[in-house]
file query_24.tsv (TSV, C-alpha atoms)
chain	number	residue	atom	x	y	z
A	1	MET	CA	-52.93	9.27	1.71
A	2	SER	CA	-55.31	7.42	3.96
A	3	ARG	CA	-58.52	8.99	2.70
A	4	TRP	CA	-59.87	11.20	0.02
A	5	GLU	CA	-59.17	14.86	0.79
A	6	PRO	CA	-60.16	16.87	-2.25
A	7	ASN	CA	-57.93	19.92	-2.67
A	8	ALA	CA	-56.51	19.58	0.85
A	9	ARG	CA	-53.63	21.94	0.06
A	10	GLY	CA	-55.88	24.67	-1.23
A	11	ARG	CA	-58.24	24.33	1.74
A	12	LEU	CA	-55.36	24.49	4.24
A	13	GLU	CA	-53.91	27.51	2.47
A	14	ARG	CA	-57.24	29.35	2.52
A	15	ALA	CA	-57.89	28.44	6.18
A	16	ALA	CA	-54.38	29.53	7.20
A	17	LEU	CA	-54.72	32.87	5.45
A	18	ASP	CA	-58.11	33.52	7.07
A	19	LEU	CA	-56.82	32.65	10.55
A	20	TYR	CA	-53.63	34.69	10.16
A	21	ARG	CA	-55.76	37.67	9.21
A	22	GLU	CA	-58.23	37.14	12.06
A	23	ARG	CA	-55.83	36.27	14.89
A	24	GLY	CA	-52.36	36.97	13.60
A	25	PHE	CA	-49.72	34.49	12.45
A	26	GLU	CA	-48.11	34.08	15.89
A	27	GLN	CA	-51.41	33.23	17.55
A	28	THR	CA	-52.44	30.52	15.09
A	29	THR	CA	-51.49	26.84	15.33
A	30	ALA	CA	-51.33	24.17	12.65
A	31	ALA	CA	-54.08	22.28	14.51
A	32	GLN	CA	-56.40	25.29	14.25
A	33	ILE	CA	-55.70	25.64	10.55
A	34	ALA	CA	-56.48	21.96	9.99
A	35	GLU	CA	-59.68	22.25	12.01
A	36	ARG	CA	-60.86	25.29	10.06
A	37	ALA	CA	-60.17	23.42	6.83
A	38	GLY	CA	-62.11	20.39	8.10
A	39	LEU	CA	-58.98	18.23	8.08
A	40	THR	CA	-56.72	16.66	10.69
A	41	GLU	CA	-53.44	18.02	12.00
A	42	ARG	CA	-51.74	14.95	10.55
A	43	THR	CA	-53.05	15.91	7.15
A	44	PHE	CA	-51.67	19.41	7.62
A	45	PHE	CA	-48.19	18.04	8.23
A	46	ARG	CA	-48.46	15.64	5.31
A	47	HIS	CA	-48.79	18.69	3.07
A	48	TYR	CA	-46.73	21.38	4.80
A	49	ALA	CA	-43.59	21.24	6.95
A	50	ASP	CA	-44.71	24.09	9.23
A	51	LYS	CA	-47.25	26.88	9.53
A	52	ARG	CA	-45.05	29.27	7.58
A	53	GLU	CA	-44.78	26.94	4.61
A	54	VAL	CA	-48.55	26.85	4.07
A	55	LEU	CA	-48.38	30.33	2.53
A	56	PHE	CA	-45.57	29.30	0.19
A	57	GLY	CA	-47.08	26.21	-1.38
A	58	GLY	CA	-46.90	27.86	-4.80
A	59	ALA	CA	-43.18	28.61	-4.60
A	60	SER	CA	-41.89	25.34	-6.00
A	61	GLN	CA	-44.49	25.45	-8.77
A	62	MET	CA	-43.37	28.99	-9.62
A	63	GLU	CA	-39.72	27.96	-9.58
A	64	LYS	CA	-40.52	25.11	-11.96
A	65	PHE	CA	-42.42	27.50	-14.23
A	66	PHE	CA	-39.52	29.98	-14.28
A	67	VAL	CA	-37.00	27.26	-15.09
A	68	GLU	CA	-39.10	25.79	-17.89
A	69	THR	CA	-39.97	29.14	-19.43
A	70	LEU	CA	-36.39	30.34	-19.26
A	71	SER	CA	-35.13	27.13	-20.83
A	72	GLY	CA	-37.51	27.69	-23.72
A	73	ALA	CA	-36.54	31.32	-24.42
A	74	PRO	CA	-34.99	31.93	-27.85
A	75	GLU	CA	-31.30	31.04	-27.85
A	76	SER	CA	-30.37	34.40	-29.31
A	77	SER	CA	-31.75	36.45	-26.41
A	78	GLY	CA	-29.39	37.98	-23.86
A	79	PRO	CA	-29.70	36.91	-20.22
A	80	LEU	CA	-31.86	39.83	-19.08
A	81	ASP	CA	-34.09	39.52	-22.15
A	82	ALA	CA	-34.61	35.83	-21.44
A	83	VAL	CA	-35.53	36.72	-17.85
A	84	ALA	CA	-37.86	39.45	-19.16
A	85	ALA	CA	-39.69	36.95	-21.37
A	86	THR	CA	-40.10	34.71	-18.33
A	87	LEU	CA	-41.52	37.53	-16.20
A	88	ASP	CA	-43.95	38.34	-19.00
A	89	ALA	CA	-45.20	34.75	-18.99
A	90	ALA	CA	-45.33	34.49	-15.19
A	91	GLY	CA	-48.46	36.61	-15.02
A	92	GLU	CA	-50.65	33.68	-16.01
A	93	LEU	CA	-49.74	31.86	-12.77
A	94	PHE	CA	-51.57	34.55	-10.84
A	95	GLU	CA	-54.63	35.04	-13.02
A	96	GLY	CA	-57.73	35.40	-10.85
A	97	ARG	CA	-55.54	35.36	-7.73
A	98	HIS	CA	-55.24	39.09	-7.04
A	99	GLU	CA	-57.44	39.19	-3.95
A	100	PHE	CA	-55.74	36.15	-2.46
A	101	ALA	CA	-52.27	37.53	-3.29
A	102	ARG	CA	-53.14	40.91	-1.76
A	103	GLN	CA	-54.34	39.35	1.51
A	104	ARG	CA	-51.35	37.02	1.60
A	105	GLN	CA	-48.94	39.93	1.05
A	106	ASP	CA	-50.49	41.89	3.95
A	107	VAL	CA	-50.09	38.90	6.26
A	108	ILE	CA	-46.48	38.32	5.19
A	109	MET	CA	-45.52	41.97	5.65
A	110	ALA	CA	-46.95	41.91	9.19
A	111	SER	CA	-44.76	39.02	10.37
A	112	PRO	CA	-40.93	39.04	10.52
A	113	GLU	CA	-40.93	35.23	10.36
A	114	LEU	CA	-43.03	35.20	7.21
A	115	ARG	CA	-40.98	37.98	5.60
A	116	GLU	CA	-37.89	35.90	6.29
A	117	ARG	CA	-39.42	32.85	4.60
A	118	GLU	CA	-40.42	35.01	1.63
A	119	LEU	CA	-36.86	36.31	1.25
A	120	ASN	CA	-35.61	32.72	1.33
A	121	LYS	CA	-38.03	31.67	-1.40
A	122	LEU	CA	-36.98	34.59	-3.59
A	123	ALA	CA	-33.29	33.75	-3.04
A	124	SER	CA	-34.00	30.17	-4.03
A	125	LEU	CA	-35.83	31.37	-7.14
A	126	SER	CA	-32.86	33.58	-8.01
A	127	ARG	CA	-30.46	30.63	-7.72
A	128	ALA	CA	-32.70	28.51	-9.95
A	129	VAL	CA	-32.80	31.29	-12.56
A	130	ALA	CA	-29.01	31.70	-12.43
A	131	ASP	CA	-28.47	27.94	-12.80
A	132	THR	CA	-30.84	27.79	-15.76
A	133	LEU	CA	-29.11	30.71	-17.47
A	134	GLU	CA	-25.77	28.98	-16.97
A	135	GLN	CA	-27.17	25.84	-18.58
A	136	ARG	CA	-28.08	28.05	-21.53
A	137	GLY	CA	-24.40	28.95	-21.84
A	138	VAL	CA	-24.47	32.32	-20.05
A	139	PRO	CA	-21.21	32.83	-18.11
A	140	ALA	CA	-21.68	32.38	-14.35
A	141	ASP	CA	-21.07	36.04	-13.45
A	142	ALA	CA	-23.59	37.37	-15.95
A	143	ALA	CA	-26.10	34.65	-15.06
A	144	HIS	CA	-25.90	35.53	-11.38
A	145	LEU	CA	-26.33	39.24	-12.06
A	146	ALA	CA	-29.26	38.80	-14.48
A	147	ALA	CA	-30.97	36.48	-11.99
A	148	GLU	CA	-30.60	38.83	-9.01
A	149	VAL	CA	-31.75	41.83	-11.00
A	150	GLY	CA	-34.60	39.86	-12.59
A	151	ILE	CA	-35.87	38.75	-9.18
A	152	ALA	CA	-35.55	42.34	-7.89
A	153	VAL	CA	-37.79	43.46	-10.76
A	154	PHE	CA	-40.21	40.61	-10.06
A	155	LYS	CA	-40.38	41.52	-6.35
A	156	VAL	CA	-41.07	45.18	-7.09
A	157	GLY	CA	-43.64	44.46	-9.80
A	158	PHE	CA	-45.37	41.85	-7.67
A	159	GLU	CA	-45.63	44.21	-4.67
A	160	ARG	CA	-47.02	46.97	-6.87
A	161	TRP	CA	-49.60	44.53	-8.23
A	162	THR	CA	-50.71	43.29	-4.79
A	163	GLY	CA	-50.95	46.91	-3.68
A	164	SER	CA	-53.11	47.80	-6.70
A	165	GLU	CA	-56.87	47.64	-7.24
A	166	GLY	CA	-56.51	44.43	-9.20
A	167	THR	CA	-57.89	45.77	-12.47
A	168	ARG	CA	-54.58	45.34	-14.35
A	169	PRO	CA	-52.87	41.93	-14.59
A	170	LEU	CA	-49.54	41.15	-12.94
A	171	GLU	CA	-47.63	40.95	-16.23
A	172	GLU	CA	-48.31	44.65	-16.86
A	173	PHE	CA	-46.75	45.59	-13.53
A	174	LEU	CA	-43.75	43.36	-14.23
A	175	GLY	CA	-43.39	44.84	-17.72
A	176	ASP	CA	-43.58	48.40	-16.33
A	177	ALA	CA	-40.93	47.68	-13.69
A	178	LEU	CA	-38.61	46.20	-16.30
A	179	ARG	CA	-39.11	49.16	-18.65
A	180	GLU	CA	-38.38	51.56	-15.80
A	181	LEU	CA	-35.23	49.62	-14.97
A	182	ARG	CA	-34.06	49.91	-18.58
A	183	GLU	CA	-34.70	53.66	-18.50
A	184	MET	CA	-32.93	54.11	-15.17
A	185	ALA	CA	-29.97	52.04	-16.34
A	186	ALA	CA	-29.70	54.21	-19.46
A	187	GLY	CA	-29.58	57.26	-17.14
A	188	ARG	CA	-32.87	58.64	-18.47
B	1	MET	CA	-19.95	48.75	31.08
B	2	SER	CA	-18.52	47.32	34.26
B	3	ARG	CA	-14.90	47.14	33.18
B	4	TRP	CA	-12.59	48.19	30.42
B	5	GLU	CA	-12.94	45.86	27.44
B	6	PRO	CA	-10.92	47.32	24.61
B	7	ASN	CA	-12.47	46.47	21.24
B	8	ALA	CA	-14.80	43.87	22.75
B	9	ARG	CA	-16.98	43.81	19.63
B	10	GLY	CA	-14.05	43.19	17.29
B	11	ARG	CA	-12.66	40.47	19.54
B	12	LEU	CA	-16.03	38.70	19.78
B	13	GLU	CA	-16.49	38.92	16.02
B	14	ARG	CA	-13.05	37.45	15.34
B	15	ALA	CA	-13.50	34.70	17.96
B	16	ALA	CA	-16.94	33.82	16.56
B	17	LEU	CA	-15.66	33.58	13.00
B	18	ASP	CA	-12.75	31.37	14.09
B	19	LEU	CA	-15.02	29.03	16.05
B	20	TYR	CA	-17.65	28.84	13.28
B	21	ARG	CA	-14.90	27.84	10.87
B	22	GLU	CA	-13.39	25.28	13.26
B	23	ARG	CA	-16.56	23.68	14.64
B	24	GLY	CA	-19.41	24.99	12.54
B	25	PHE	CA	-22.01	27.60	13.44
B	26	GLU	CA	-24.50	25.11	14.94
B	27	GLN	CA	-21.93	23.60	17.29
B	28	THR	CA	-20.73	26.90	18.76
B	29	THR	CA	-22.26	28.69	21.77
B	30	ALA	CA	-22.11	32.33	22.80
B	31	ALA	CA	-20.26	31.25	25.95
B	32	GLN	CA	-17.54	29.61	23.89
B	33	ILE	CA	-17.17	32.71	21.74
B	34	ALA	CA	-16.84	34.91	24.82
B	35	GLU	CA	-14.27	32.54	26.33
B	36	ARG	CA	-12.19	32.49	23.17
B	37	ALA	CA	-12.28	36.30	23.13
B	38	GLY	CA	-11.21	36.44	26.79
B	39	LEU	CA	-14.54	38.00	27.79
B	40	THR	CA	-17.63	36.91	29.74
B	41	GLU	CA	-20.89	35.62	28.28
B	42	ARG	CA	-22.61	38.65	29.80
B	43	THR	CA	-20.32	40.87	27.81
B	44	PHE	CA	-21.23	38.93	24.67
B	45	PHE	CA	-24.91	39.64	25.19
B	46	ARG	CA	-24.26	43.29	26.00
B	47	HIS	CA	-22.90	43.62	22.48
B	48	TYR	CA	-24.89	41.11	20.41
B	49	ALA	CA	-28.46	39.84	20.69
B	50	ASP	CA	-27.53	36.31	19.57
B	51	LYS	CA	-24.78	34.26	17.98
B	52	ARG	CA	-25.98	35.08	14.48
B	53	GLU	CA	-25.82	38.82	15.07
B	54	VAL	CA	-22.10	38.73	15.90
B	55	LEU	CA	-21.32	38.33	12.18
B	56	PHE	CA	-23.55	41.28	11.26
B	57	GLY	CA	-22.17	43.91	13.60
B	58	GLY	CA	-21.18	46.04	10.62
B	59	ALA	CA	-24.66	46.08	9.07
B	60	SER	CA	-26.03	49.10	10.90
B	61	GLN	CA	-22.81	51.01	10.23
B	62	MET	CA	-23.11	50.14	6.55
B	63	GLU	CA	-26.75	51.20	6.48
B	64	LYS	CA	-25.81	54.53	8.06
B	65	PHE	CA	-23.03	54.97	5.50
B	66	PHE	CA	-25.40	54.23	2.59
B	67	VAL	CA	-28.01	56.68	3.88
B	68	GLU	CA	-25.48	59.46	4.44
B	69	THR	CA	-23.73	58.98	1.12
B	70	LEU	CA	-27.01	58.78	-0.77
B	71	SER	CA	-28.28	61.91	0.94
B	72	GLY	CA	-25.16	63.73	-0.22
B	73	ALA	CA	-25.33	62.69	-3.89
B	74	PRO	CA	-25.81	65.57	-6.36
B	75	GLU	CA	-29.45	66.58	-6.57
B	76	SER	CA	-29.43	66.29	-10.34
B	77	SER	CA	-28.57	62.59	-10.43
B	78	GLY	CA	-31.25	60.03	-11.20
B	79	PRO	CA	-32.08	57.39	-8.57
B	80	LEU	CA	-29.88	54.63	-10.00
B	81	ASP	CA	-26.99	57.05	-10.51
B	82	ALA	CA	-27.27	58.20	-6.90
B	83	VAL	CA	-27.19	54.54	-5.81
B	84	ALA	CA	-24.21	53.95	-8.12
B	85	ALA	CA	-22.26	56.79	-6.48
B	86	THR	CA	-23.03	55.25	-3.11
B	87	LEU	CA	-21.81	51.80	-4.18
B	88	ASP	CA	-18.64	53.41	-5.49
B	89	ALA	CA	-17.99	55.01	-2.10
B	90	ALA	CA	-18.92	51.86	-0.11
B	91	GLY	CA	-15.64	50.17	-1.03
B	92	GLU	CA	-13.77	52.15	1.61
B	93	LEU	CA	-15.77	50.42	4.37
B	94	PHE	CA	-14.11	47.14	3.42
B	95	GLU	CA	-10.54	48.29	2.85
B	96	GLY	CA	-8.09	45.76	4.32
B	97	ARG	CA	-11.02	43.46	5.17
B	98	HIS	CA	-10.91	41.06	2.21
B	99	GLU	CA	-9.62	38.03	4.08
B	100	PHE	CA	-12.10	38.54	6.90
B	101	ALA	CA	-14.97	39.10	4.45
B	102	ARG	CA	-14.03	35.98	2.48
B	103	GLN	CA	-13.98	33.78	5.60
B	104	ARG	CA	-17.22	35.33	6.83
B	105	GLN	CA	-18.92	34.72	3.48
B	106	ASP	CA	-17.88	31.04	3.51
B	107	VAL	CA	-19.34	30.62	7.00
B	108	ILE	CA	-22.59	32.38	6.06
B	109	MET	CA	-23.05	30.32	2.90
B	110	ALA	CA	-22.63	27.10	4.91
B	111	SER	CA	-25.48	27.88	7.34
B	112	PRO	CA	-29.17	28.34	6.39
B	113	GLU	CA	-29.71	30.38	9.57
B	114	LEU	CA	-26.89	32.76	8.72
B	115	ARG	CA	-27.97	33.04	5.09
B	116	GLU	CA	-31.42	33.98	6.35
B	117	ARG	CA	-30.01	36.71	8.59
B	118	GLU	CA	-27.93	38.00	5.68
B	119	LEU	CA	-31.02	38.24	3.45
B	120	ASN	CA	-32.78	40.15	6.22
B	121	LYS	CA	-29.93	42.63	6.53
B	122	LEU	CA	-29.90	43.21	2.78
B	123	ALA	CA	-33.68	43.73	2.77
B	124	SER	CA	-33.32	46.25	5.58
B	125	LEU	CA	-30.56	48.03	3.64
B	126	SER	CA	-32.82	48.13	0.58
B	127	ARG	CA	-35.65	49.70	2.59
B	128	ALA	CA	-33.25	52.33	3.99
B	129	VAL	CA	-32.04	53.15	0.48
B	130	ALA	CA	-35.62	53.44	-0.82
B	131	ASP	CA	-36.61	55.70	2.08
B	132	THR	CA	-33.60	57.93	1.51
B	133	LEU	CA	-34.35	58.20	-2.20
B	134	GLU	CA	-37.93	59.17	-1.38
B	135	GLN	CA	-36.64	61.88	0.95
B	136	ARG	CA	-34.65	63.16	-2.04
B	137	GLY	CA	-37.93	63.55	-3.90
B	138	VAL	CA	-37.82	60.34	-5.95
B	139	PRO	CA	-41.36	58.93	-6.38
B	140	ALA	CA	-41.98	55.89	-4.19
B	141	ASP	CA	-42.23	53.39	-7.07
B	142	ALA	CA	-38.96	54.48	-8.67
B	143	ALA	CA	-37.23	54.68	-5.29
B	144	HIS	CA	-38.26	51.13	-4.44
B	145	LEU	CA	-37.09	49.80	-7.81
B	146	ALA	CA	-33.73	51.62	-7.74
B	147	ALA	CA	-33.13	50.39	-4.19
B	148	GLU	CA	-33.92	46.73	-4.95
B	149	VAL	CA	-31.81	46.76	-8.10
B	150	GLY	CA	-28.99	48.66	-6.39
B	151	ILE	CA	-28.86	46.11	-3.58
B	152	ALA	CA	-28.94	43.26	-6.13
B	153	VAL	CA	-25.87	44.80	-7.79
B	154	PHE	CA	-24.21	45.25	-4.40
B	155	LYS	CA	-24.87	41.61	-3.47
B	156	VAL	CA	-23.46	40.30	-6.74
B	157	GLY	CA	-20.40	42.58	-6.67
B	158	PHE	CA	-19.73	41.78	-3.02
B	159	GLU	CA	-19.90	38.02	-3.62
B	160	ARG	CA	-17.56	38.30	-6.59
B	161	TRP	CA	-15.13	40.28	-4.45
B	162	THR	CA	-15.16	37.80	-1.55
B	163	GLY	CA	-14.67	35.00	-4.09
B	164	SER	CA	-11.68	36.79	-5.64
B	165	GLU	CA	-7.99	36.74	-4.75
B	166	GLY	CA	-8.30	40.06	-2.97
B	167	THR	CA	-5.93	41.97	-5.23
B	168	ARG	CA	-8.65	44.31	-6.57
B	169	PRO	CA	-10.73	46.49	-4.23
B	170	LEU	CA	-14.47	45.98	-3.69
B	171	GLU	CA	-15.45	49.18	-5.51
B	172	GLU	CA	-14.05	47.78	-8.77
B	173	PHE	CA	-16.29	44.71	-8.49
B	174	LEU	CA	-19.30	46.89	-7.69
B	175	GLY	CA	-18.49	49.18	-10.62
B	176	ASP	CA	-18.12	46.20	-12.98
B	177	ALA	CA	-21.44	44.72	-11.89
B	178	LEU	CA	-23.21	48.04	-12.40
B	179	ARG	CA	-21.66	48.51	-15.83
B	180	GLU	CA	-22.72	44.99	-16.81
B	181	LEU	CA	-26.25	45.75	-15.61
B	182	ARG	CA	-26.36	48.85	-17.79
B	183	GLU	CA	-25.20	46.82	-20.78
B	184	MET	CA	-27.69	44.03	-20.14
B	185	ALA	CA	-30.52	46.53	-19.69
B	186	ALA	CA	-29.61	48.14	-23.00
B	187	GLY	CA	-29.84	44.67	-24.62
B	188	ARG	CA	-26.16	44.63	-25.56
call {"tool": "encode", "arguments": {"input": "query_24.tsv", "output": "structure tokens"}}
result
Amino acid sequence: MSRWEPNARGRLERAALDLYRERGFEQTTAAQIAERAGLTERTFFRHYADKREVLFGGASQMEKFFVETLSGAPESSGPLDAVAATLDAAGELFEGRHEFARQRQDVIMASPELRERELNKLASLSRAVADTLEQRGVPADAAHLAAEVGIAVFKVGFERWTGSEGTRPLEEFLGDALRELREMAAGR
Amino acid sequence: MSRWEPNARGRLERAALDLYRERGFEQTTAAQIAERAGLTERTFFRHYADKREVLFGGASQMEKFFVETLSGAPESSGPLDAVAATLDAAGELFEGRHEFARQRQDVIMASPELRERELNKLASLSRAVADTLEQRGVPADAAHLAAEVGIAVFKVGFERWTGSEGTRPLEEFLGDALRELREMAAGR
């Protein structure tokens, strides 16, 4: 990096979210985001590949967290239980981020392009979870199923949380969704 | 339509799949697909919005089938059971289509653009399932969860089926995946 840009990623993310809310995603350029953040367009593209990516800067960090937490789950736990333990831990990634997550979710839902990117990130997360389960010795078929279902539960719990008042933490929403899944699956 | 084009959609779909396999998705144009099918480019665009869409011509039919079947499930069944009955019935849509589905899946997996479109179609199917469950009186939260999980099971079962030899019908793979989910959810 050519000069000191404290928290450039965070500033770009915040500026992008503000502009997308004010003008809409389509109407905003990377140059405008950089300007709002007090940075150059070059700096923008050093940090993010495009103006969609700026809202998904946390995705690789989250994937890393999922993989590490899953890898550390007790060996005895079944694949869905290992995923459940990971969801339970994932809440801490979003502590104090409810307002940001809620605004971000509104912006994503309003743009087909952003929804598409979100689906891609979730699919990538699902593959990472499946791979990690396989490395734990779970057969490929079961690993794939537990990963897809685990990410479905995450998606639902996360959307409920962003749609909530923000008084309850994410992990409670994820835990509720998983409990409901277990009840549904048992036919109750 | 200006002239008689028997089964234009099926011919375009087959020609597209053949060309994507021979040359790759990126290297194929709508004009080439039309030519291979013995039709004009104008005819192509009367039937499909773009060269991705030609591989997803069955998606709206499938969505309609899911909605109708779900609507007809016994009133007493819980949301996941209603989805399960729908998955069980969905196999008939793909009877005699294994080889086509297998080739199509290979092509989709090889192209980020096609994978993206596939994720979009599945998300749309999930929303349709959730809406239909809500119309059956299922609370929104439970409807959303059952839909996301049901589509996750469908995705996994479908991919196992396309990856198989084709001797067992799709509904068996969907049934197996659902049974495994129930076992996982019960912690067995």
call {"tool": "residues_around", "arguments": {"input": "query_24.tsv", "residues": "Leu70 of chain B", "least_positions_apart": "3", "cutoff": "12 Å", "atoms": "only C-alpha atoms", "output": "ChimeraX atom specification"}}
result
/B:62-67,73-75,77-90,128-136,143,147,150
call {"tool": "closest_atom_pairs", "arguments": {"input": "query_24.tsv", "of": "chain A", "to": "chain B", "cutoff": "7 Å", "atoms": "only C-alpha atoms", "output": "JSON lines"}}
result
{"residue": "A:Gly78", "atom": "CA", "partner": "B:Gly187", "partner_atom": "CA", "distance": 6.7}
{"residue": "A:Leu80", "atom": "CA", "partner": "B:Met184", "partner_atom": "CA", "distance": 6.0}
{"residue": "A:Glu116", "atom": "CA", "partner": "B:Asn120", "partner_atom": "CA", "distance": 6.6}
{"residue": "A:Leu119", "atom": "CA", "partner": "B:Leu119", "partner_atom": "CA", "distance": 6.5}
{"residue": "A:Asn120", "atom": "CA", "partner": "B:Glu116", "partner_atom": "CA", "distance": 6.7}
{"residue": "A:Leu145", "atom": "CA", "partner": "B:Val156", "partner_atom": "CA", "distance": 6.1}
{"residue": "A:Glu148", "atom": "CA", "partner": "B:Ala152", "partner_atom": "CA", "distance": 5.5}
{"residue": "A:Val149", "atom": "CA", "partner": "B:Val149", "partner_atom": "CA", "distance": 5.7}
{"residue": "A:Ala152", "atom": "CA", "partner": "B:Glu148", "partner_atom": "CA", "distance": 5.5}
{"residue": "A:Val156", "atom": "CA", "partner": "B:Leu145", "partner_atom": "CA", "distance": 6.1}
{"residue": "A:Arg182", "atom": "CA", "partner": "B:Ala185", "partner_atom": "CA", "distance": 5.0}
{"residue": "A:Met184", "atom": "CA", "partner": "B:Leu80", "partner_atom": "CA", "distance": 6.0}
{"residue": "A:Ala185", "atom": "CA", "partner": "B:Arg182", "partner_atom": "CA", "distance": 5.0}
{"residue": "A:Ala186", "atom": "CA", "partner": "B:Arg182", "partner_atom": "CA", "distance": 6.5}
{"residue": "A:Gly187", "atom": "CA", "partner": "B:Gly78", "partner_atom": "CA", "distance": 6.8}
call {"tool": "atom_distance", "arguments": {"input": "query_24.tsv", "atom1": "atom CA of Leu125 of chain B", "atom2": "atom CA of Phe94 of chain A"}}
result
28.9 Å
call {"tool": "atom_distance", "arguments": {"input": "query_24.tsv", "atom1": "atom CA of Phe100 of chain A", "atom2": "atom CA of Glu13 of chain A"}}
result
10.1 Å
call {"tool": "residues_around", "arguments": {"input": "query_24.tsv", "residues": "Glu53 of chain B", "least_positions_apart": "4", "cutoff": "10 Å", "atoms": "all atoms listed in the file", "output": "CSV table (one decimal) with C-alpha atoms, keeping the file's coordinate frame"}}
result
chain,number,residue,atom,x,y,z
B,13,GLU,CA,-16.5,38.9,16.0
B,47,HIS,CA,-22.9,43.6,22.5
B,48,TYR,CA,-24.9,41.1,20.4
B,49,ALA,CA,-28.5,39.8,20.7
B,57,GLY,CA,-22.2,43.9,13.6
B,58,GLY,CA,-21.2,46.0,10.6
B,59,ALA,CA,-24.7,46.1,9.1
B,114,LEU,CA,-26.9,32.8,8.7
B,117,ARG,CA,-30.0,36.7,8.6
B,118,GLU,CA,-27.9,38.0,5.7
call {"tool": "residues_near_point", "arguments": {"input": "query_24.tsv", "point": "(-53.7, 35.2, 11.9)", "cutoff": "12 Å", "atoms": "all atoms listed in the file", "output": "ChimeraX atom specification"}}
result
/A:14-30,32-33,51-52,55,103-104,106-108,110-111,114
call {"tool": "atom_distance", "arguments": {"input": "query_24.tsv", "atom1": "atom CA of Ala34 of chain A", "atom2": "atom CA of Arg11 of chain A"}}
result
8.8 Å
call {"tool": "decode", "arguments": {"input": "query_24.tsv", "residues": "segment 65-100 of chain A", "atoms": "C-alpha atoms", "output": "PDB file, in the first residue's frame"}}
result
ATOM      1  CA  PHE A  65     -14.393 -19.152  11.087  1.00  0.00           C
ATOM      2  CA  PHE A  66     -16.825 -21.910  10.068  1.00  0.00           C
ATOM      3  CA  VAL A  67     -14.006 -24.176   8.898  1.00  0.00           C
ATOM      4  CA  GLU A  68     -11.945 -23.670  12.049  1.00  0.00           C
ATOM      5  CA  THR A  69     -14.873 -24.094  14.418  1.00  0.00           C
ATOM      6  CA  LEU A  70     -16.110 -27.179  12.609  1.00  0.00           C
ATOM      7  CA  SER A  71     -12.642 -28.704  12.636  1.00  0.00           C
ATOM      8  CA  GLY A  72     -12.539 -28.247  16.393  1.00  0.00           C
ATOM      9  CA  ALA A  73     -15.936 -29.822  17.143  1.00  0.00           C
ATOM     10  CA  PRO A  74     -15.795 -32.980  19.282  1.00  0.00           C
ATOM     11  CA  GLU A  75     -14.959 -36.013  17.171  1.00  0.00           C
ATOM     12  CA  SER A  76     -17.920 -37.927  18.515  1.00  0.00           C
ATOM     13  CA  SER A  77     -20.544 -35.482  17.234  1.00  0.00           C
ATOM     14  CA  GLY A  78     -22.608 -36.338  14.168  1.00  0.00           C
ATOM     15  CA  PRO A  79     -22.356 -34.077  11.109  1.00  0.00           C
ATOM     16  CA  LEU A  80     -25.445 -31.971  11.863  1.00  0.00           C
ATOM     17  CA  ASP A  81     -24.456 -31.628  15.522  1.00  0.00           C
ATOM     18  CA  ALA A  82     -21.004 -30.418  14.507  1.00  0.00           C
ATOM     19  CA  VAL A  83     -22.649 -27.876  12.194  1.00  0.00           C
ATOM     20  CA  ALA A  84     -25.008 -26.880  15.025  1.00  0.00           C
ATOM     21  CA  ALA A  85     -22.077 -26.185  17.346  1.00  0.00           C
ATOM     22  CA  THR A  86     -20.554 -24.031  14.626  1.00  0.00           C
ATOM     23  CA  LEU A  87     -23.756 -22.028  14.145  1.00  0.00           C
ATOM     24  CA  ASP A  88     -23.924 -21.501  17.892  1.00  0.00           C
ATOM     25  CA  ALA A  89     -20.404 -20.043  17.872  1.00  0.00           C
ATOM     26  CA  ALA A  90     -20.983 -17.938  14.738  1.00  0.00           C
ATOM     27  CA  GLY A  91     -23.072 -15.423  16.657  1.00  0.00           C
ATOM     28  CA  GLU A  92     -19.976 -13.756  18.078  1.00  0.00           C
ATOM     29  CA  LEU A  93     -18.914 -12.660  14.569  1.00  0.00           C
ATOM     30  CA  PHE A  94     -21.950 -10.398  14.453  1.00  0.00           C
ATOM     31  CA  GLU A  95     -21.928  -8.976  17.961  1.00  0.00           C
ATOM     32  CA  GLY A  96     -22.730  -5.266  17.861  1.00  0.00           C
ATOM     33  CA  ARG A  97     -23.389  -5.512  14.120  1.00  0.00           C
ATOM     34  CA  HIS A  98     -27.183  -5.814  14.092  1.00  0.00           C
ATOM     35  CA  GLU A  99     -27.941  -2.363  12.716  1.00  0.00           C
ATOM     36  CA  PHE A 100     -25.310  -2.707  10.010  1.00  0.00           C
TER      37      PHE A 100
END
